[in-house]
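**Student:** One file: run-v7.cif (mmCIF, C-alpha atoms).
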data_start
#
loop_
_atom_site.group_PDB
_atom_site.id
_atom_site.type_symbol
_atom_site.label_atom_id
_atom_site.label_comp_id
_atom_site.auth_asym_id
_atom_site.auth_seq_id
_atom_site.Cartn_x
_atom_site.Cartn_y
_atom_site.Cartn_z
ATOM 1 C CA MET Z 10 -56.392 11.337 37.844
ATOM 2 C CA ILE Z 11 -59.295 12.139 40.229
ATOM 3 C CA THR Z 12 -62.163 14.454 39.114
ATOM 4 C CA LEU Z 13 -64.790 15.852 41.481
ATOM 5 C CA LEU Z 14 -68.237 16.371 39.867
ATOM 6 C CA ALA Z 15 -71.244 18.075 41.482
ATOM 7 C CA VAL Z 16 -74.579 16.576 40.448
ATOM 8 C CA VAL Z 17 -77.867 18.362 41.246
ATOM 9 C CA ALA Z 18 -80.915 16.112 41.249
ATOM 10 C CA ALA Z 19 -84.268 16.971 42.888
ATOM 11 C CA GLY Z 20 -82.727 19.728 44.915
ATOM 12 C CA VAL Z 21 -80.066 17.429 46.297
ATOM 13 C CA VAL Z 22 -76.499 18.123 45.648
ATOM 14 C CA ALA Z 23 -74.416 15.002 45.433
ATOM 15 C CA ALA Z 24 -70.743 14.801 44.952
ATOM 16 C CA VAL Z 25 -69.565 12.131 42.605
ATOM 17 C CA VAL Z 26 -65.930 11.208 42.449
ATOM 18 C CA VAL Z 27 -64.799 9.885 39.136
ATOM 19 C CA THR Z 28 -61.413 8.233 38.987
ATOM 20 C CA SER Z 29 -59.642 7.629 35.711
ATOM 21 C CA ARG Z 30 -56.175 6.249 34.954
ATOM 22 C CA GLU Z 31 -53.874 8.190 32.688
ATOM 23 C CA LYS Z 32 -52.018 6.177 30.108
ATOM 24 C CA PRO Z 33 -48.309 6.272 30.883
ATOM 25 C CA LEU Z 34 -46.183 8.077 28.393
ATOM 26 C CA PRO Z 35 -44.208 5.674 26.216
ATOM 27 C CA GLU Z 36 -40.623 5.358 27.258
ATOM 28 C CA ALA Z 37 -38.199 7.048 24.935
ATOM 29 C CA ALA Z 38 -36.184 4.639 22.825
ATOM 30 C CA PRO Z 39 -32.577 4.459 23.911
ATOM 31 C CA SER Z 40 -30.240 6.548 21.830
ATOM 32 C CA PRO Z 41 -28.039 4.505 19.497
ATOM 33 C CA PRO Z 42 -24.396 4.390 20.524
ATOM 34 C CA PRO Z 43 -22.149 6.827 18.685
ATOM 35 C CA PRO Z 44 -20.446 5.308 15.644
ATOM 36 C CA ALA Z 45 -17.083 3.827 16.373
ATOM 37 C CA THR Z 46 -14.250 5.953 15.107
ATOM 38 C CA THR Z 47 -11.574 4.036 13.256
ATOM 39 C CA THR Z 48 -8.206 5.472 12.406
ATOM 40 C CA ALA Z 49 -6.557 4.087 9.302
ATOM 41 C CA ALA Z 50 -3.072 2.774 9.845
ATOM 42 C CA PRO Z 51 -0.402 4.980 8.279
ATOM 43 C CA PRO Z 52 1.350 3.703 5.145
ATOM 44 C CA VAL Z 53 4.539 1.725 5.678
ATOM 45 C CA ALA Z 54 6.600 4.542 4.109
ATOM 46 C CA PHE Z 55 6.252 8.194 3.116
ATOM 47 C CA CYS Z 56 6.400 7.480 -0.644
ATOM 48 C CA PRO Z 57 3.985 9.637 -2.702
ATOM 49 C CA GLU Z 58 0.844 7.871 -3.885
ATOM 50 C CA THR Z 59 1.820 8.119 -7.562
ATOM 51 C CA ALA Z 60 4.979 8.581 -9.571
ATOM 52 C CA GLU Z 61 3.721 11.965 -10.754
ATOM 53 C CA SER Z 62 3.125 13.305 -7.229
ATOM 54 C CA ASP Z 63 5.746 15.208 -5.231
ATOM 55 C CA ARG Z 64 3.755 15.048 -1.994
ATOM 56 C CA VAL Z 65 5.349 12.753 0.556
ATOM 57 C CA ARG Z 66 3.024 11.257 3.136
ATOM 58 C CA SER Z 67 2.969 11.867 6.873
ATOM 59 C CA PRO Z 68 2.730 10.078 9.227
ATOM 60 C CA SER Z 69 4.247 6.833 7.982
ATOM 61 C CA GLY Z 70 5.651 3.595 9.299
ATOM 62 C CA LEU Z 71 9.167 4.995 8.939
ATOM 63 C CA ASP Z 72 8.638 7.631 11.610
ATOM 64 C CA GLY Z 73 11.272 7.172 14.319
ATOM 65 C CA LYS Z 74 13.287 4.733 12.171
ATOM 66 C CA THR Z 75 15.301 7.154 10.029
ATOM 67 C CA GLY Z 76 18.625 8.866 10.574
ATOM 68 C CA PRO Z 77 20.860 11.375 8.758
ATOM 69 C CA ARG Z 78 23.262 10.193 6.086
ATOM 70 C CA THR Z 79 26.823 10.177 7.344
ATOM 71 C CA PRO Z 80 29.582 11.577 5.082
ATOM 72 C CA SER Z 81 31.386 8.255 4.825
ATOM 73 C CA GLY Z 82 28.505 5.834 4.146
ATOM 74 C CA PRO Z 83 27.407 3.210 3.308
ATOM 75 C CA HIS Z 84 23.800 4.169 3.944
ATOM 76 C CA ARG Z 85 21.033 1.800 4.906
ATOM 77 C CA LEU Z 86 18.349 1.354 2.235
ATOM 78 C CA ALA Z 87 14.588 0.861 2.531
ATOM 79 C CA TYR Z 88 12.774 -0.078 -0.698
ATOM 80 C CA PHE Z 89 9.040 0.080 -1.397
ATOM 81 C CA VAL Z 90 6.818 -0.802 -4.371
ATOM 82 C CA ILE Z 91 3.625 1.210 -4.938
ATOM 83 C CA ASP Z 92 1.055 -0.327 -7.302
ATOM 84 C CA ASP Z 93 -2.721 -0.560 -7.665
ATOM 85 C CA LYS Z 94 -2.838 -2.929 -4.677
ATOM 86 C CA GLY Z 95 -1.104 -0.563 -2.259
ATOM 87 C CA MET Z 96 2.406 -0.149 -0.885
ATOM 88 C CA HIS Z 97 4.676 -3.121 -0.234
ATOM 89 C CA ASP Z 98 8.042 -3.455 1.498
ATOM 90 C CA PHE Z 99 10.587 -4.981 -0.912
ATOM 91 C CA THR Z 100 13.676 -4.058 1.102
ATOM 92 C CA GLY Z 101 14.733 -7.676 1.551
ATOM 93 C CA THR Z 102 14.523 -8.390 -2.187
ATOM 94 C CA ALA Z 103 16.332 -5.208 -3.231
ATOM 95 C CA ALA Z 104 19.075 -5.633 -0.603
ATOM 96 C CA GLN Z 105 20.134 -8.908 -2.246
ATOM 97 C CA HIS Z 106 21.413 -6.845 -5.189
ATOM 98 C CA LEU Z 107 23.484 -4.401 -3.140
ATOM 99 C CA PRO Z 108 27.274 -4.556 -3.565
ATOM 100 C CA MET Z 109 29.193 -6.676 -1.094
ATOM 101 C CA GLY Z 110 29.918 -4.809 2.113
ATOM 102 C CA THR Z 111 26.920 -2.471 1.895
ATOM 103 C CA SER Z 112 25.540 -2.307 5.427
ATOM 104 C CA GLN Z 113 21.863 -2.748 6.203
ATOM 105 C CA GLU Z 114 22.274 -2.073 9.917
ATOM 106 C CA GLY Z 115 21.153 0.974 11.887
ATOM 107 C CA TRP Z 116 18.816 3.813 10.922
ATOM 108 C CA VAL Z 117 17.173 3.954 7.487
ATOM 109 C CA GLN Z 118 19.001 6.658 5.530
ATOM 110 C CA VAL Z 119 17.834 6.264 1.917
ATOM 111 C CA VAL Z 120 14.269 5.418 0.841
ATOM 112 C CA VAL Z 121 13.500 4.180 -2.673
ATOM 113 C CA CYS Z 122 9.956 4.220 -4.078
ATOM 114 C CA GLU Z 123 9.220 2.091 -7.162
ATOM 115 C CA TYR Z 124 6.180 2.649 -9.397
ATOM 116 C CA PRO Z 125 5.448 -0.017 -12.058
ATOM 117 C CA LYS Z 126 3.378 0.888 -15.120
ATOM 118 C CA PRO Z 127 2.490 -2.024 -17.448
ATOM 119 C CA THR Z 128 2.759 -1.286 -21.162
ATOM 120 C CA ASP Z 129 1.287 -4.622 -22.346
ATOM 121 C CA LYS Z 130 3.758 -4.602 -25.240
ATOM 122 C CA PRO Z 131 5.428 -7.989 -25.830
ATOM 123 C CA ILE Z 132 9.167 -7.941 -25.197
ATOM 124 C CA GLY Z 133 9.925 -11.659 -25.532
ATOM 125 C CA THR Z 134 8.847 -15.097 -24.383
ATOM 126 C CA CYS Z 135 9.580 -17.655 -21.709
ATOM 127 C CA ASP Z 136 9.764 -21.103 -23.243
ATOM 128 C CA GLY Z 137 9.960 -24.773 -22.335
ATOM 129 C CA TYR Z 138 7.202 -25.162 -19.746
ATOM 130 C CA GLU Z 139 6.416 -28.879 -19.800
ATOM 131 C CA ARG Z 140 2.847 -30.184 -19.991
ATOM 132 C CA GLN Z 141 1.838 -33.796 -19.597
ATOM 133 C CA GLY Z 142 1.151 -35.329 -22.998
ATOM 134 C CA ARG Z 143 1.432 -31.986 -24.791
ATOM 135 C CA PRO Z 144 4.149 -29.893 -26.428
ATOM 136 C CA PRO Z 145 6.103 -27.511 -24.170
ATOM 137 C CA LEU Z 146 4.420 -24.181 -23.528
ATOM 138 C CA SER Z 147 5.714 -20.773 -24.614
ATOM 139 C CA VAL Z 148 4.495 -17.720 -22.656
ATOM 140 C CA ALA Z 149 4.637 -14.075 -23.734
ATOM 141 C CA VAL Z 150 6.460 -11.533 -21.585
ATOM 142 C CA THR Z 151 4.932 -8.044 -21.593
ATOM 143 C CA GLY Z 152 6.746 -4.808 -20.853
ATOM 144 C CA VAL Z 153 6.566 -2.718 -17.702
ATOM 145 C CA GLN Z 154 7.948 0.797 -17.266
ATOM 146 C CA TYR Z 155 9.351 1.406 -13.792
ATOM 147 C CA THR Z 156 9.714 4.871 -12.250
ATOM 148 C CA TYR Z 157 12.011 5.199 -9.251
ATOM 149 C CA LYS Z 158 12.271 7.944 -6.655
ATOM 150 C CA ALA Z 159 15.101 8.050 -4.122
ATOM 151 C CA TYR Z 160 14.782 10.160 -0.964
ATOM 152 C CA ASP Z 161 16.961 11.180 1.930
ATOM 153 C CA ALA Z 162 15.102 9.312 4.661
ATOM 154 C CA GLU Z 163 15.591 11.863 7.428
ATOM 155 C CA SER Z 164 14.663 15.047 5.543
ATOM 156 C CA LYS Z 165 12.407 13.403 2.884
ATOM 157 C CA ARG Z 166 14.341 15.402 0.292
ATOM 158 C CA LEU Z 167 14.236 13.966 -3.226
ATOM 159 C CA LEU Z 168 17.713 12.793 -4.241
ATOM 160 C CA ASP Z 169 17.039 11.280 -7.650
ATOM 161 C CA THR Z 170 14.270 10.124 -9.974
ATOM 162 C CA PHE Z 171 14.650 7.967 -13.076
ATOM 163 C CA VAL Z 172 12.818 5.538 -15.350
ATOM 164 C CA LEU Z 173 13.987 2.076 -16.448
ATOM 165 C CA PRO Z 174 12.321 -0.651 -18.513
ATOM 166 C CA GLY Z 175 11.561 -3.978 -16.913
ATOM 167 C CA VAL Z 176 13.558 -7.064 -17.853
ATOM 168 C CA ARG Z 177 12.497 -10.576 -18.856
ATOM 169 C CA VAL Z 178 12.640 -12.949 -15.886
ATOM 170 C CA CYS Z 179 11.176 -16.423 -16.441
ATOM 171 C CA PRO Z 180 9.568 -18.031 -13.383
ATOM 172 C CA ASP Z 181 9.801 -21.742 -12.617
ATOM 173 C CA SER Z 182 6.082 -22.232 -13.349
ATOM 174 C CA VAL Z 183 3.235 -20.336 -15.007
ATOM 175 C CA THR Z 184 -0.518 -20.011 -14.457
ATOM 176 C CA THR Z 185 -2.989 -21.072 -17.158
ATOM 177 C CA PHE Z 186 -6.738 -20.587 -17.572
ATOM 178 C CA ASP Z 187 -8.473 -23.107 -19.839
ATOM 179 C CA ASP Z 188 -4.985 -24.101 -20.932
ATOM 180 C CA VAL Z 189 -4.207 -20.512 -21.991
ATOM 181 C CA PRO Z 190 -1.171 -19.125 -20.133
ATOM 182 C CA ARG Z 191 -1.270 -15.744 -18.464
ATOM 183 C CA ALA Z 192 1.350 -13.338 -19.784
ATOM 184 C CA ILE Z 193 4.402 -12.739 -17.609
ATOM 185 C CA GLU Z 194 5.155 -9.106 -16.715
ATOM 186 C CA ALA Z 195 8.711 -7.824 -16.965
ATOM 187 C CA ARG Z 196 10.440 -7.455 -13.610
ATOM 188 C CA SER Z 197 12.327 -4.573 -12.074
ATOM 189 C CA ASP Z 198 16.016 -4.606 -13.077
ATOM 190 C CA TYR Z 199 17.470 -4.449 -9.558
ATOM 191 C CA THR Z 200 21.046 -4.586 -10.796
ATOM 192 C CA ALA Z 201 20.522 -1.464 -12.916
ATOM 193 C CA VAL Z 202 18.583 0.243 -10.116
ATOM 194 C CA MET Z 203 21.311 -0.332 -7.541
ATOM 195 C CA GLY Z 204 23.948 0.876 -9.993
ATOM 196 C CA ARG Z 205 22.031 4.137 -10.366
ATOM 197 C CA LEU Z 206 21.548 4.477 -6.595
ATOM 198 C CA LEU Z 207 25.110 3.634 -5.603
ATOM 199 C CA PRO Z 208 26.321 7.269 -5.343
ATOM 200 C CA HIS Z 209 23.509 8.024 -2.881
ATOM 201 C CA LEU Z 210 24.255 4.919 -0.827
ATOM 202 C CA ARG Z 211 27.983 5.589 -0.492
ATOM 203 C CA VAL Z 212 28.232 9.361 -0.204
#
Can you give me the file's structure in the form of structure tokens?

**Tutor:**
Amino acid sequence: MITLLAVVAAGVVAAVVVTSREKPLPEAAPSPPPPATTTAAPPVAFCPETAESDRVRSPSGLDGKTGPRTPSGPHRLAYFVIDDKGMHDFTGTAAQHLPMGTSQEGWVQVVVCEYPKPTDKPIGTCDGYERQGRPPLSVAVTGVQYTYKAYDAESKRLLDTFVLPGVRVCPDSVTTFDDVPRAIEARSDYTAVMGRLLPHLRV
């Protein structure tokens, strides 16, 4: 910036030019980038979040994979377990208990949602687990109540809902902590489940 000053001394007018430098304005800090938007992946199926809920979810991983039930059947099954860890596809496990000749080809036509609820009540034991230098181990089996919901896959219409107790299934090995075995939870009775679902899979 240049400033012109007039100085009067002894009747003489002198012009004095004073030059000063302005401090540059600080550059504005760059704006932070907008937060990245993340879209959660849809659940693998439209099963409600809880056994008590009637609200099916949308969208889901079954979108575009379902078809109407034909009058003759059999109808392809998709089977999902919903627990405190999320939703899991158990179709392969459940399909092993379907009657011979039940097709698993084509569009999904019936969706089954399973909801386990541990009761922690002992219902038996699994025995004879060998330990080196020690007597065989006996492990408690605790009860689980299973709620099942069956849906028409295409319309998401509820076809059936029922409750069955879990059954004692002894694994080949068990987990111990400080030589104390962890209790074994009763498993879903797939044979009983498929027997209940059979009318919906054939009609």

**Student:** Of the residues Z:Leu107, Z:Val117, Z:Val189, Z:Cys56, which is the one nearest to Ile91 of chain Z, using only C-alpha atoms?

**Tutor:**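 Among the listed residues, the smallest separation from Ile91 of chain Z belongs to Z:Cys56.
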
**Student:** Go through Z:Met109, Z:Cys122, Z:Ala162, Z:Val172 and flag the residue nearest Arg78 of chain Z, using only C-alpha atoms for the distances.

**Tutor:**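 Answer, going by the shortest atom-to-atom distance: Z:Ala162.
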
**Student:** Could you work out how far atom CA of Ala195 of chain Z lies from atom CA of Ser182 of chain Z, giving the answer in Å with one decimal?

**Tutor:** 15.1 Å

**Student:** Between segment 138-207 of chain Z and segment 60-65 of chain Z, at 9 Å or less, what are the per-residue closest atom pairs and their distances in Å? Count all atoms listed in the file, order by chain and rising residue number, and return it as CSV.

**Tutor:**
residue,atom,partner,partner_atom,distance
Z:Thr156,CA,Z:Ala60,CA,6.6
Z:Tyr157,CA,Z:Ala60,CA,7.8
Z:Lys158,CA,Z:Ala60,CA,7.9
Z:Lys165,CA,Z:Val65,CA,7.5
Z:Leu167,CA,Z:Asp63,CA,8.8

**Student:** What separation in Å, quoted to one decimal, exists between atom CA of Pro80 of chain Z and atom CA of Ala159 of chain Z?

**Tutor:**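 Separation between atom CA of Pro80 of chain Z and atom CA of Ala159 of chain Z: 17.5 Å.
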
**Student:** As lines of an AutoDock Vina configuration file, please: the centre and edge lengths in Å, to one decimal, of an axis-aligned box enclosing every listed atom of segment 202-211 of chain Z with 4 Å added on each side.

**Tutor:**
center_x = 23.3
center_y = 3.8
center_z = -5.4
size_x = 17.4
size_y = 16.4
size_z = 17.9

**Student:** From the list Z:Glu163, Z:Pro125, Z:Thr48, Z:Cys135, which residue is nearest Gly73 of chain Z when using all atoms listed in the file?

**Tutor:** Z:Glu163

**Student:** To one decimal in Å, tell me the separation between atom CA of Thr134 of chain Z and atom CA of Gly175 of chain Z.

**Tutor:**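 Distance reported for this atom pair: 13.7 Å.
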
**Student:** Go through Z:Gly115, Z:Pro51, Z:Pro180, Z:Pro127 one by one, measure the shortest atom-to-atom distance of each to Pro77 of chain Z using only C-alpha atoms, and give the residue with the smallest value.

**Tutor:**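 For Pro77 of chain Z, the nearest of the given residues is Z:Gly115.
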
**Student:** Starting from the structure just given, write a file holding segment 55-95 of chain Z with N, CA and C atoms, as an mmCIF file, in the first residue's frame.

**Tutor:**
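Written file, result-v6.cif:
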data_model
loop_
_atom_site.group_PDB
_atom_site.id
_atom_site.type_symbol
_atom_site.label_atom_id
_atom_site.label_comp_id
_atom_site.auth_asym_id
_atom_site.auth_seq_id
_atom_site.Cartn_x
_atom_site.Cartn_y
_atom_site.Cartn_z
ATOM 1 N N PHE Z 55 -35.952 -62.330 3.611
ATOM 2 C CA PHE Z 55 -36.900 -61.331 4.124
ATOM 3 C C PHE Z 55 -37.460 -61.691 5.495
ATOM 4 N N CYS Z 56 -36.909 -62.699 6.157
ATOM 5 C CA CYS Z 56 -37.409 -63.116 7.474
ATOM 6 C C CYS Z 56 -37.485 -61.927 8.438
ATOM 7 N N PRO Z 57 -38.560 -61.836 9.256
ATOM 8 C CA PRO Z 57 -38.618 -60.789 10.274
ATOM 9 C C PRO Z 57 -37.437 -60.888 11.237
ATOM 10 N N GLU Z 58 -37.123 -59.796 11.895
ATOM 11 C CA GLU Z 58 -35.968 -59.766 12.787
ATOM 12 C C GLU Z 58 -36.152 -60.662 14.003
ATOM 13 N N THR Z 59 -37.381 -60.805 14.482
ATOM 14 C CA THR Z 59 -37.653 -61.626 15.658
ATOM 15 C C THR Z 59 -38.842 -62.537 15.381
ATOM 16 N N ALA Z 60 -38.979 -63.542 16.215
ATOM 17 C CA ALA Z 60 -40.102 -64.465 16.068
ATOM 18 C C ALA Z 60 -41.429 -63.775 16.339
ATOM 19 N N GLU Z 61 -41.412 -62.740 17.156
ATOM 20 C CA GLU Z 61 -42.647 -62.048 17.521
ATOM 21 C C GLU Z 61 -43.093 -61.046 16.452
ATOM 22 N N SER Z 62 -42.191 -60.676 15.548
ATOM 23 C CA SER Z 62 -42.511 -59.657 14.547
ATOM 24 C C SER Z 62 -43.201 -60.276 13.341
ATOM 25 N N ASP Z 63 -44.138 -59.517 12.761
ATOM 26 C CA ASP Z 63 -44.802 -59.929 11.521
ATOM 27 C C ASP Z 63 -44.293 -59.138 10.317
ATOM 28 N N ARG Z 64 -43.300 -58.294 10.533
ATOM 29 C CA ARG Z 64 -42.826 -57.397 9.484
ATOM 30 C C ARG Z 64 -41.700 -58.056 8.687
ATOM 31 N N VAL Z 65 -42.017 -58.448 7.463
ATOM 32 C CA VAL Z 65 -40.974 -59.007 6.605
ATOM 33 C C VAL Z 65 -40.104 -57.876 6.080
ATOM 34 N N ARG Z 66 -38.862 -58.204 5.747
ATOM 35 C CA ARG Z 66 -37.905 -57.178 5.367
ATOM 36 C C ARG Z 66 -37.793 -57.042 3.839
ATOM 37 N N SER Z 67 -37.518 -55.805 3.427
ATOM 38 C CA SER Z 67 -37.359 -55.528 2.002
ATOM 39 C C SER Z 67 -36.417 -54.337 1.860
ATOM 40 N N PRO Z 68 -35.418 -54.411 0.969
ATOM 41 C CA PRO Z 68 -35.106 -55.529 0.073
ATOM 42 C C PRO Z 68 -34.409 -56.654 0.808
ATOM 43 N N SER Z 69 -34.199 -57.766 0.109
ATOM 44 C CA SER Z 69 -33.468 -58.893 0.685
ATOM 45 C C SER Z 69 -32.725 -59.626 -0.418
ATOM 46 N N GLY Z 70 -31.863 -60.528 -0.009
ATOM 47 C CA GLY Z 70 -31.077 -61.297 -0.959
ATOM 48 C C GLY Z 70 -31.890 -62.265 -1.792
ATOM 49 N N LEU Z 71 -33.161 -62.445 -1.453
ATOM 50 C CA LEU Z 71 -34.026 -63.331 -2.230
ATOM 51 C C LEU Z 71 -34.714 -62.616 -3.389
ATOM 52 N N ASP Z 72 -34.585 -61.316 -3.450
ATOM 53 C CA ASP Z 72 -35.237 -60.570 -4.525
ATOM 54 C C ASP Z 72 -34.758 -61.092 -5.885
ATOM 55 N N GLY Z 73 -35.704 -61.405 -6.765
ATOM 56 C CA GLY Z 73 -35.369 -61.909 -8.086
ATOM 57 C C GLY Z 73 -35.083 -63.394 -8.130
ATOM 58 N N LYS Z 74 -35.192 -64.081 -6.974
ATOM 59 C CA LYS Z 74 -34.890 -65.519 -6.916
ATOM 60 C C LYS Z 74 -36.111 -66.363 -6.556
ATOM 61 N N THR Z 75 -37.262 -65.735 -6.411
ATOM 62 C CA THR Z 75 -38.462 -66.452 -5.980
ATOM 63 C C THR Z 75 -39.429 -66.633 -7.135
ATOM 64 N N GLY Z 76 -40.312 -67.610 -6.988
ATOM 65 C CA GLY Z 76 -41.330 -67.861 -7.996
ATOM 66 C C GLY Z 76 -42.597 -68.381 -7.340
ATOM 67 N N PRO Z 77 -43.729 -68.343 -8.037
ATOM 68 C CA PRO Z 77 -44.991 -68.804 -7.453
ATOM 69 C C PRO Z 77 -44.994 -70.322 -7.268
ATOM 70 N N ARG Z 78 -45.732 -70.751 -6.258
ATOM 71 C CA ARG Z 78 -45.889 -72.196 -6.040
ATOM 72 C C ARG Z 78 -46.828 -72.766 -7.100
ATOM 73 N N THR Z 79 -46.395 -73.821 -7.726
ATOM 74 C CA THR Z 79 -47.234 -74.493 -8.719
ATOM 75 C C THR Z 79 -48.203 -75.438 -8.013
ATOM 76 N N PRO Z 80 -49.362 -75.732 -8.613
ATOM 77 C CA PRO Z 80 -50.344 -76.598 -7.951
ATOM 78 C C PRO Z 80 -49.819 -78.004 -7.655
ATOM 79 N N SER Z 81 -48.940 -78.499 -8.505
ATOM 80 C CA SER Z 81 -48.507 -79.888 -8.349
ATOM 81 C C SER Z 81 -47.377 -80.060 -7.342
ATOM 82 N N GLY Z 82 -46.447 -79.076 -7.245
ATOM 83 C CA GLY Z 82 -45.295 -79.252 -6.372
ATOM 84 C C GLY Z 82 -44.345 -80.277 -6.990
ATOM 85 N N PRO Z 83 -43.246 -80.687 -6.307
ATOM 86 C CA PRO Z 83 -42.812 -80.143 -5.017
ATOM 87 C C PRO Z 83 -42.230 -78.732 -5.167
ATOM 88 N N HIS Z 84 -42.131 -78.037 -4.047
ATOM 89 C CA HIS Z 84 -41.712 -76.647 -4.065
ATOM 90 C C HIS Z 84 -40.334 -76.499 -3.447
ATOM 91 N N ARG Z 85 -39.513 -75.709 -4.102
ATOM 92 C CA ARG Z 85 -38.148 -75.512 -3.615
ATOM 93 C C ARG Z 85 -38.147 -74.733 -2.306
ATOM 94 N N LEU Z 86 -37.286 -75.172 -1.380
ATOM 95 C CA LEU Z 86 -37.226 -74.619 -0.026
ATOM 96 C C LEU Z 86 -35.957 -73.792 0.161
ATOM 97 N N ALA Z 87 -36.088 -72.674 0.869
ATOM 98 C CA ALA Z 87 -34.934 -71.921 1.368
ATOM 99 C C ALA Z 87 -35.119 -71.779 2.878
ATOM 100 N N TYR Z 88 -34.058 -72.020 3.650
ATOM 101 C CA TYR Z 88 -34.170 -72.152 5.104
ATOM 102 C C TYR Z 88 -33.127 -71.256 5.765
ATOM 103 N N PHE Z 89 -33.591 -70.419 6.710
ATOM 104 C CA PHE Z 89 -32.708 -69.455 7.349
ATOM 105 C C PHE Z 89 -32.869 -69.488 8.872
ATOM 106 N N VAL Z 90 -31.740 -69.314 9.567
ATOM 107 C CA VAL Z 90 -31.727 -69.258 11.032
ATOM 108 C C VAL Z 90 -31.409 -67.828 11.448
ATOM 109 N N ILE Z 91 -32.228 -67.273 12.349
ATOM 110 C CA ILE Z 91 -32.033 -65.908 12.837
ATOM 111 C C ILE Z 91 -31.755 -65.984 14.331
ATOM 112 N N ASP Z 92 -30.536 -65.584 14.740
ATOM 113 C CA ASP Z 92 -30.172 -65.598 16.153
ATOM 114 C C ASP Z 92 -29.500 -64.280 16.514
ATOM 115 N N ASP Z 93 -28.862 -64.237 17.695
ATOM 116 C CA ASP Z 93 -28.270 -62.970 18.132
ATOM 117 C C ASP Z 93 -27.023 -62.591 17.335
ATOM 118 N N LYS Z 94 -26.575 -63.460 16.442
ATOM 119 C CA LYS Z 94 -25.417 -63.165 15.607
ATOM 120 C C LYS Z 94 -25.812 -62.761 14.191
ATOM 121 N N GLY Z 95 -27.107 -62.757 13.896
ATOM 122 C CA GLY Z 95 -27.555 -62.364 12.568
ATOM 123 C C GLY Z 95 -28.390 -63.439 11.897
#
